[in-house]
There are 2 protein chains.
Amino acid sequence: MNVNFQLDAESPIPIYRQLYGKLRALILSGDLQTGARLPSSRRISRDLGVARNSVIAAYSQLAAEGYVTSRRGSGTYVKDSLPISKSAAVHKKSFNDQSLSTWGSHVLMFGDPQPKNEIKGKPPIDFGFGRSFPHIFPYEIWRRLLARYLSTDDAMLSRYGSAAGFNPLRQAVAAYLRRMRGVNCTMDQVVIVSGMQQALDILSRIFLNDDDDILVEDPGYVDAYNLFRTFGVNLRALSVDDKGFPVGLIPSGCRPRFVFVTPSNQFPKGGAMPLDRRLALLDWAATADALILEDDYDGELRYSDHPVAALQGLDHQDRVIYLGTFSKVLFPALRLGYLVLPSSILPIFLKAKELVDRGAPTLTQAAVADFIDEGHFERHLKRLRKVYGLRRQTLTQGLDFYLPALLEYSPVKAGLHVMLYLPPELDETSIIKRALSEGVGVYPGGPYHLHQPSQPSILLGFSGLSRSEIEEGVKRLARVINMALEE
Amino acid sequence: MNVNFQLDAESPIPIYRQLYGKLRALILSGDLQTGARLPSSRRISRDLGVARNSVIAAYSQLAAEGYVTSRRGSGTYVKDSLPISKSAAVHKKSFNDQSLSTWGSHVLMFGDPQPKNEIKGKPPIDFGFGRSFPHIFPYEIWRRLLARYLSTDDAMLSRYGSAAGFNPLRQAVAAYLRRMRGVNCTMDQVVIVSGMQQALDILSRIFLNDDDDILVEDPGYVDAYNLFRTFGVNLRALSVDDKGFPVGLIPSGCRPRFVFVTPSNQFPKGGAMPLDRRLALLDWAATADALILEDDYDGELRYSDHPVAALQGLDHQDRVIYLGTFSKVLFPALRLGYLVLPSSILPIFLKAKELVDRGAPTLTQAAVADFIDEGHFERHLKRLRKVYGLRRQTLTQGLDFYLPALLEYSPVKAGLHVMLYLPPELDETSIIKRALSEGVGVYPGGPYHLHQPSQPSILLGFSGLSRSEIEEGVKRLARVINMALEE
């Protein structure tokens with residue numbers, strides 16, 4: 001046998017591993033047949049110009065893994081008993097959809113996110129939704145809080161955390177929610193999750209069976225709806241008005257497992273549920289034996305008056321599960337959300353959570369806990385409300401000025417975007433395309449609707465833009481829309 | 001109406017929020033009836049000694065949320081239309097198990113973790129398994145890497161990451177696995193997850209249907225088995241020997257969906273699968289149309305010879321899914337694991353992952369990527385192997401010396417624990433109790449077994465103890481065992 005491998009002395013892979021790999025490949029391919037004698041380590045060392053120790057190490061690795069066997073004084077042989085030819089002979093079968101579970105095949109059907117927010121190449125003025133605010137977040141404080149735990153509590157990092165979350169964070173979230181969102185809870189009811197999606201997923205897994213009904217808002221948070229669909233449920237969508245979810249329009253006899261609502265600021269249309277609707281929803285849920293999932297994704301970001309308290313605070317019947325996230329008000333890459341569970345649901349949720357995911361990184365949780373406890377969080381929110389409030393004002397004033405009377409937009413002064421309903425004769429896609437050619441990125445409202453609405457709509461996120469960019473963007477958008485109307 | 005609320009000026013809750021809360025509670029309880037006139041803001045201000053602006057703010061919040069209405073010049077009234085009495089009248093129904101999904105009720109059945117590793121009050125010498133090594137991890141470097149991203153790439157934190165993981169980390173893991181674990185993969189096949197449990201959960205959801213068979217090792221990683229059980233599957237357990245999973249003993253006609261194995265270092269018994277078994281398993285999987293889940297939880301920690309390459313590297317038929325974790329070799333609170341998927345399974349896995357969880361925190365992923373790329377990871381592993389190798393040696397030498405000939409223990413020099421099989425006449429629980437009264441924490445092997453073995457066993461984790469503690473612990477344990485044998 002001649003050896004003329006190319007070994008690479010510059011590679012980070014040690015010579016012996018390279019040699020081992022080459023020989024292993026020859027054995028597995030059958031080029032070095034079972035029973036064949038390998039060249040002596042001395043010979044390979046000489047032929048390849050490598051240290052003999054490397055050859056010996058490679059041989060010993062091959063022997064340890066059962067590819068070769070050494071007979072003292074006689075040399076090294078490829079093992080007889082390797083069932084290699086058999087392995088190579090079996091035809092490679094490719095994966096096919098029939099081997100999926102029911103859930104898996106639903107994922108194939110519903111798992112493609114709708115292209116809501118994708119534009120190739122970032123336009124100069126991008127009204128993308130969900131962009132956040134690198135320039136507002138107090139990184140200096142955040143760094144200091146992280147560093148605190150990195151230097152003082154190493155032991156904390158070396159333990160598995162609790163699946164329910166890091167207790168000081170649960171405590172801080174509970175206190176914050178009681179104080180600022182009117183949520184009625186103890187820290188035990190607070191569970192930290194990796195985000196809204198994980199909270200919804202675990203709840204769905206616990207409660208949903210095939211063919212269950214779920215009541216949702218239309219338009220709405222379609223990422224949640226796509227997730228629900230993978231459980232084989234029927235989505236019953238009610239069209240929202242400017243007061244959010246229309247409780248009075250729930251068909252009698254409707255017995256959904258969940259009703260998913262955004263009472264503080266309807267997503268994406270805007271609008272808050274007034275008290276009478278809230279109380280009616282709670283009553284209805286008790287009668288219908290339904291759970292209410294309250295998605296309070298940006299309840300903190302209200303610019304005109306005080307934030308509306310959460311629906312959860314009105315619930316005396318353990319019907320409401322409150323869902324919150326830090327993605328919007330801290331930053332998305334944090335990957336932290338939380339839910340507040342009625343105590344009757346807590347045990348099953350925690351068992352499920354522990355089985356499927358052991359919890360979020362302790363370090364980040366500890367830093368967020370301190371961020372809240374030391375008042376940085378509320379100061380940051382105040383600042384966000386101020387900055388975003390001004391940006392929102394610039395946007396709505398611009399729309400009023402450049403597109404007067406033509407457009408309705410969502411009335412509530414909250415959130416991070418404005419939804420704009422266009423005259424019915426316009427085409428969403430073509431407006432978006434033409435705006436893009438003017439350097440302005442706006443996004444279709446269509447994908448958020450379950451039933452196609454009579455009016456086309458677009459979403460304008462304002463959190464990632466300066467006020468002058470917003471003004472310039474609106475000006476260009478108005479030009480596009482006015483030109484389209486004249487055609 | 002008389003007002004004599006206790007408001008707390010020292011509270012972090014602003015006075016207006018306190019007042020709002022008290023009034024809201026009175027309205028919701030019916031103590032302030034619909035149509036009732038609230039005292040004037042001037043009067044409340046005087047009675048309670050608070051600023052009038054606070055009272056006005058409280059009233060305006062109540063009005064904004066629809067509890068009260070103001071008539072100019074006439075005062076503030078509790079709204080007529082509140083359906084409050086109705087809400088209070090509905091009887092509170094408590095949650096019951098019948099409302100759970102099939103999966104949810106399985107969680108209730110199987111979700112209680114067995115008490116493997118719980119001892120109240122830490123004993124002075126604790127042979128707990130899974131404890132890690134705060135004194136070995138290079139915190140200084142870790143801090144520096146985290147700080148790097150905190151100061152240079154703020155924008156990175158403000159975006160949602162990819163559900164597949166942060167690309168530089170996927171790249172680093174792929175390169176590391178190719179180089180050190182013989183895994184055959186590109187970075188596209190690597191998906192970052194929040195830990196082993198999440199990887200197993202998503203795979204189970206994609207592939208498992210009620211009544212499927214799953215082949216597993218006995219004893220084994222019961223946390224995975226409990227998770228599998230929630231999918232309504234049948235666990236078929238084969239007793240491992242000192243060469244790991246006994247491929248030859250798979251019953252003919254057995255057509256499991258998954259076979260779950262720990263080929264590099266059988267958990268918890270120890271032992272590595274030799275090459276012939278590995279090849280036979282691959283052949284069998286192709287014939288049986290099964291997927292092999294290779295749990296390589298501590299493949300890096302082998303002390304005697306070079307680490308055995310992964311089973312995945314031998315697979316030419318897209319049958320093996322490789323699972324790894326950073327919990328054992330970095331630290332558990334990091335909450336990062338990874339899997340390497342055959343490209344045929346990749347699309348469905350990513351769709352599912354994106355639906356249920358948007359990915360791990362970017363910052364930690366970026367820091368781990370650099371930790372690997374800059375060579376710290378392999379240096380750290382080298383150091384772990386050295387330190388743990390010595391601890392393991394101390395443990396096994398101690399067992400040989402103090403308990404000669406009485407005990408067999410797992411033969412492979414790998415991992416973070418040693419499993420000790422005791423003479424059949426001894427009782428696991430009583431040995432553990434008596435050891436504890438000597439200040440030594442050891443842990444039962446029973447919970448890791450699906451079929452009760454003929455011999456009792458205990459687990460001795462050595463990663464959290466110094467060599468002198470290990471020696472002292474073994475001495476005391478030997479005393480306990482010898483005394484029990486003499487009774």
# chains A, B, ... in the order shown; residues from 1 in each chain; ligands from 1
call {"tool": "residues_around", "arguments": {"residues": "Gln6 in chain A", "least_positions_apart": "3", "cutoff": "10 Å", "atoms": "only C-alpha atoms", "output": "PyMOL selection string"}}
result
chain A and resi 3+9+18-19+22+48
call {"tool": "residues_around", "arguments": {"residues": "range 456-468 of chain A", "least_positions_apart": "3", "cutoff": "8 Å", "atoms": "only C-alpha atoms", "output": "NGL selection string"}}
result
:A and (125-133 or 388 or 390-392 or 394-395 or 416-424 or 426-428 or 442-446 or 453 or 471-472)
call {"tool": "closest_residue", "arguments": {"among": "A:Ile372, A:Leu249, A:Ile348, A:Leu436", "to": "chain B", "atoms": "only C-alpha atoms"}}
result
A:Ile348
call {"tool": "residues_around", "arguments": {"residues": "range 193-199 of chain A", "least_positions_apart": "5", "cutoff": "8 Å", "atoms": "only C-alpha atoms", "output": "PDB file with all heavy atoms, in the first residue's frame"}}
result
ATOM      1  N   ALA A 164     -39.375  28.061  36.144  1.00  0.00           N
ATOM      2  CA  ALA A 164     -40.328  29.162  36.274  1.00  0.00           C
ATOM      3  C   ALA A 164     -39.659  30.510  36.074  1.00  0.00           C
ATOM      4  O   ALA A 164     -40.338  31.505  35.844  1.00  0.00           O
ATOM      5  CB  ALA A 164     -40.980  29.121  37.650  1.00  0.00           C
ATOM      6  N   GLY A 165     -38.357  30.532  36.134  1.00  0.00           N
ATOM      7  CA  GLY A 165     -37.636  31.787  35.995  1.00  0.00           C
ATOM      8  C   GLY A 165     -36.824  32.096  37.244  1.00  0.00           C
ATOM      9  O   GLY A 165     -36.994  31.465  38.285  1.00  0.00           O
ATOM     10  N   ALA A 224     -49.293  34.372  16.081  1.00  0.00           N
ATOM     11  CA  ALA A 224     -49.999  33.542  17.070  1.00  0.00           C
ATOM     12  C   ALA A 224     -51.003  32.640  16.361  1.00  0.00           C
ATOM     13  O   ALA A 224     -51.129  31.453  16.678  1.00  0.00           O
ATOM     14  CB  ALA A 224     -50.715  34.421  18.086  1.00  0.00           C
ATOM     15  N   LEU A 323     -50.118  38.071  29.183  1.00  0.00           N
ATOM     16  CA  LEU A 323     -48.861  37.818  28.469  1.00  0.00           C
ATOM     17  C   LEU A 323     -48.133  39.121  28.189  1.00  0.00           C
ATOM     18  O   LEU A 323     -48.703  40.052  27.618  1.00  0.00           O
ATOM     19  CB  LEU A 323     -49.160  37.140  27.130  1.00  0.00           C
ATOM     20  CG  LEU A 323     -49.985  35.855  27.171  1.00  0.00           C
ATOM     21  CD1 LEU A 323     -50.719  35.651  25.859  1.00  0.00           C
ATOM     22  CD2 LEU A 323     -49.076  34.674  27.466  1.00  0.00           C
ATOM     23  N   GLY A 324     -46.877  39.184  28.583  1.00  0.00           N
ATOM     24  CA  GLY A 324     -46.085  40.381  28.325  1.00  0.00           C
ATOM     25  C   GLY A 324     -44.721  40.036  27.756  1.00  0.00           C
ATOM     26  O   GLY A 324     -44.302  38.873  27.778  1.00  0.00           O
ATOM     27  N   THR A 325     -44.043  41.021  27.240  1.00  0.00           N
ATOM     28  CA  THR A 325     -42.738  40.774  26.641  1.00  0.00           C
ATOM     29  C   THR A 325     -41.816  41.958  26.884  1.00  0.00           C
ATOM     30  O   THR A 325     -42.270  43.088  27.028  1.00  0.00           O
ATOM     31  CB  THR A 325     -42.865  40.533  25.126  1.00  0.00           C
ATOM     32  OG1 THR A 325     -41.548  40.449  24.564  1.00  0.00           O
ATOM     33  CG2 THR A 325     -43.602  41.685  24.426  1.00  0.00           C
ATOM     34  N   SER A 327     -39.449  42.444  24.619  1.00  0.00           N
ATOM     35  CA  SER A 327     -38.877  42.696  23.293  1.00  0.00           C
ATOM     36  C   SER A 327     -39.134  44.115  22.811  1.00  0.00           C
ATOM     37  O   SER A 327     -38.295  44.731  22.172  1.00  0.00           O
ATOM     38  CB  SER A 327     -39.459  41.720  22.268  1.00  0.00           C
ATOM     39  OG  SER A 327     -39.068  40.405  22.566  1.00  0.00           O
ATOM     40  N   ARG A 335     -34.696  38.165  24.281  1.00  0.00           N
ATOM     41  CA  ARG A 335     -35.479  36.926  24.313  1.00  0.00           C
ATOM     42  C   ARG A 335     -36.071  36.632  25.681  1.00  0.00           C
ATOM     43  O   ARG A 335     -35.868  35.555  26.232  1.00  0.00           O
ATOM     44  CB  ARG A 335     -34.673  35.716  23.816  1.00  0.00           C
ATOM     45  CG  ARG A 335     -34.023  35.834  22.474  1.00  0.00           C
ATOM     46  CD  ARG A 335     -34.917  36.269  21.336  1.00  0.00           C
ATOM     47  NE  ARG A 335     -36.172  35.537  21.267  1.00  0.00           N
ATOM     48  CZ  ARG A 335     -37.363  36.110  21.210  1.00  0.00           C
ATOM     49  NH1 ARG A 335     -37.509  37.414  21.221  1.00  0.00           N
ATOM     50  NH2 ARG A 335     -38.442  35.381  21.132  1.00  0.00           N
ATOM     51  N   LEU A 336     -36.787  37.587  26.224  1.00  0.00           N
ATOM     52  CA  LEU A 336     -37.464  37.365  27.502  1.00  0.00           C
ATOM     53  C   LEU A 336     -38.905  37.865  27.421  1.00  0.00           C
ATOM     54  O   LEU A 336     -39.157  38.983  26.983  1.00  0.00           O
ATOM     55  CB  LEU A 336     -36.760  38.097  28.643  1.00  0.00           C
ATOM     56  CG  LEU A 336     -35.500  37.491  29.238  1.00  0.00           C
ATOM     57  CD1 LEU A 336     -34.995  38.367  30.374  1.00  0.00           C
ATOM     58  CD2 LEU A 336     -35.729  36.070  29.720  1.00  0.00           C
ATOM     59  N   GLY A 337     -39.809  37.020  27.851  1.00  0.00           N
ATOM     60  CA  GLY A 337     -41.190  37.409  28.019  1.00  0.00           C
ATOM     61  C   GLY A 337     -41.670  36.848  29.345  1.00  0.00           C
ATOM     62  O   GLY A 337     -40.902  36.216  30.076  1.00  0.00           O
ATOM     63  N   TYR A 338     -42.920  37.091  29.661  1.00  0.00           N
ATOM     64  CA  TYR A 338     -43.437  36.571  30.924  1.00  0.00           C
ATOM     65  C   TYR A 338     -44.925  36.377  30.800  1.00  0.00           C
ATOM     66  O   TYR A 338     -45.579  36.958  29.936  1.00  0.00           O
ATOM     67  CB  TYR A 338     -43.119  37.528  32.085  1.00  0.00           C
ATOM     68  CG  TYR A 338     -43.419  38.973  31.789  1.00  0.00           C
ATOM     69  CD1 TYR A 338     -44.688  39.491  31.992  1.00  0.00           C
ATOM     70  CD2 TYR A 338     -42.443  39.817  31.261  1.00  0.00           C
ATOM     71  CE1 TYR A 338     -44.980  40.810  31.704  1.00  0.00           C
ATOM     72  CE2 TYR A 338     -42.720  41.143  30.952  1.00  0.00           C
ATOM     73  CZ  TYR A 338     -43.995  41.638  31.177  1.00  0.00           C
ATOM     74  OH  TYR A 338     -44.290  42.940  30.879  1.00  0.00           O
ATOM     75  N   LEU A 339     -45.466  35.520  31.630  1.00  0.00           N
ATOM     76  CA  LEU A 339     -46.904  35.456  31.734  1.00  0.00           C
ATOM     77  C   LEU A 339     -47.332  35.408  33.187  1.00  0.00           C
ATOM     78  O   LEU A 339     -46.553  35.053  34.070  1.00  0.00           O
ATOM     79  CB  LEU A 339     -47.531  34.315  30.918  1.00  0.00           C
ATOM     80  CG  LEU A 339     -46.806  33.030  30.610  1.00  0.00           C
ATOM     81  CD1 LEU A 339     -46.517  32.279  31.843  1.00  0.00           C
ATOM     82  CD2 LEU A 339     -47.628  32.206  29.652  1.00  0.00           C
ATOM     83  N   GLY A 359     -35.536  26.829  30.914  1.00  0.00           N
ATOM     84  CA  GLY A 359     -35.526  28.204  31.395  1.00  0.00           C
ATOM     85  C   GLY A 359     -34.539  29.092  30.678  1.00  0.00           C
ATOM     86  O   GLY A 359     -33.644  28.629  29.979  1.00  0.00           O
ATOM     87  N   ALA A 360     -34.720  30.386  30.866  1.00  0.00           N
ATOM     88  CA  ALA A 360     -33.899  31.395  30.200  1.00  0.00           C
ATOM     89  C   ALA A 360     -32.565  31.553  30.936  1.00  0.00           C
ATOM     90  O   ALA A 360     -32.455  31.192  32.099  1.00  0.00           O
ATOM     91  CB  ALA A 360     -34.656  32.710  30.183  1.00  0.00           C
TER      92      ALA A 360
ATOM     93  N   LEU B 355     -41.822  28.744  14.817  1.00  0.00           N
ATOM     94  CA  LEU B 355     -43.184  28.891  15.329  1.00  0.00           C
ATOM     95  C   LEU B 355     -43.236  28.878  16.845  1.00  0.00           C
ATOM     96  O   LEU B 355     -44.058  29.539  17.456  1.00  0.00           O
ATOM     97  CB  LEU B 355     -44.061  27.746  14.818  1.00  0.00           C
ATOM     98  CG  LEU B 355     -44.811  27.938  13.523  1.00  0.00           C
ATOM     99  CD1 LEU B 355     -45.497  26.637  13.146  1.00  0.00           C
ATOM    100  CD2 LEU B 355     -45.843  29.050  13.627  1.00  0.00           C
ATOM    101  N   VAL B 356     -42.373  28.082  17.463  1.00  0.00           N
ATOM    102  CA  VAL B 356     -42.529  27.873  18.902  1.00  0.00           C
ATOM    103  C   VAL B 356     -41.559  28.680  19.748  1.00  0.00           C
ATOM    104  O   VAL B 356     -41.763  28.842  20.944  1.00  0.00           O
ATOM    105  CB  VAL B 356     -42.413  26.378  19.279  1.00  0.00           C
ATOM    106  CG1 VAL B 356     -43.430  25.568  18.491  1.00  0.00           C
ATOM    107  CG2 VAL B 356     -41.011  25.832  19.047  1.00  0.00           C
ATOM    108  N   ASP B 357     -40.506  29.199  19.153  1.00  0.00           N
ATOM    109  CA  ASP B 357     -39.502  29.911  19.953  1.00  0.00           C
ATOM    110  C   ASP B 357     -38.584  30.630  18.988  1.00  0.00           C
ATOM    111  O   ASP B 357     -38.029  30.030  18.087  1.00  0.00           O
ATOM    112  CB  ASP B 357     -38.711  28.904  20.798  1.00  0.00           C
ATOM    113  CG  ASP B 357     -37.590  29.561  21.572  1.00  0.00           C
ATOM    114  OD1 ASP B 357     -37.742  30.735  21.944  1.00  0.00           O
ATOM    115  OD2 ASP B 357     -36.554  28.901  21.803  1.00  0.00           O
ATOM    116  N   ARG B 358     -38.413  31.926  19.204  1.00  0.00           N
ATOM    117  CA  ARG B 358     -37.679  32.721  18.240  1.00  0.00           C
ATOM    118  C   ARG B 358     -36.170  32.688  18.370  1.00  0.00           C
ATOM    119  O   ARG B 358     -35.467  33.410  17.680  1.00  0.00           O
ATOM    120  CB  ARG B 358     -38.151  34.180  18.310  1.00  0.00           C
ATOM    121  CG  ARG B 358     -39.552  34.379  17.835  1.00  0.00           C
ATOM    122  CD  ARG B 358     -39.628  34.211  16.324  1.00  0.00           C
ATOM    123  NE  ARG B 358     -40.965  33.887  15.887  1.00  0.00           N
ATOM    124  CZ  ARG B 358     -41.977  34.748  15.824  1.00  0.00           C
ATOM    125  NH1 ARG B 358     -41.794  35.998  16.135  1.00  0.00           N
ATOM    126  NH2 ARG B 358     -43.160  34.346  15.439  1.00  0.00           N
ATOM    127  N   GLY B 359     -35.661  31.865  19.280  1.00  0.00           N
ATOM    128  CA  GLY B 359     -34.212  31.750  19.331  1.00  0.00           C
ATOM    129  C   GLY B 359     -33.611  32.259  20.615  1.00  0.00           C
ATOM    130  O   GLY B 359     -34.242  32.962  21.392  1.00  0.00           O
ATOM    131  N   ALA B 360     -32.362  31.874  20.825  1.00  0.00           N
ATOM    132  CA  ALA B 360     -31.632  32.202  22.056  1.00  0.00           C
ATOM    133  C   ALA B 360     -31.120  33.647  21.982  1.00  0.00           C
ATOM    134  O   ALA B 360     -30.996  34.214  20.908  1.00  0.00           O
ATOM    135  CB  ALA B 360     -30.475  31.228  22.232  1.00  0.00           C
TER     136      ALA B 360
END
call {"tool": "residues_around", "arguments": {"residues": "Leu450 in chain A", "least_positions_apart": "5", "cutoff": "8 Å", "atoms": "only C-alpha atoms", "output": "list in words"}}
result
Asp218, Pro219 and Ala237 of chain A
call {"tool": "atom_distance", "arguments": {"atom1": "CA of Ala172 in chain B", "atom2": "CA of Met187 in chain B"}}
result
8.0 Å
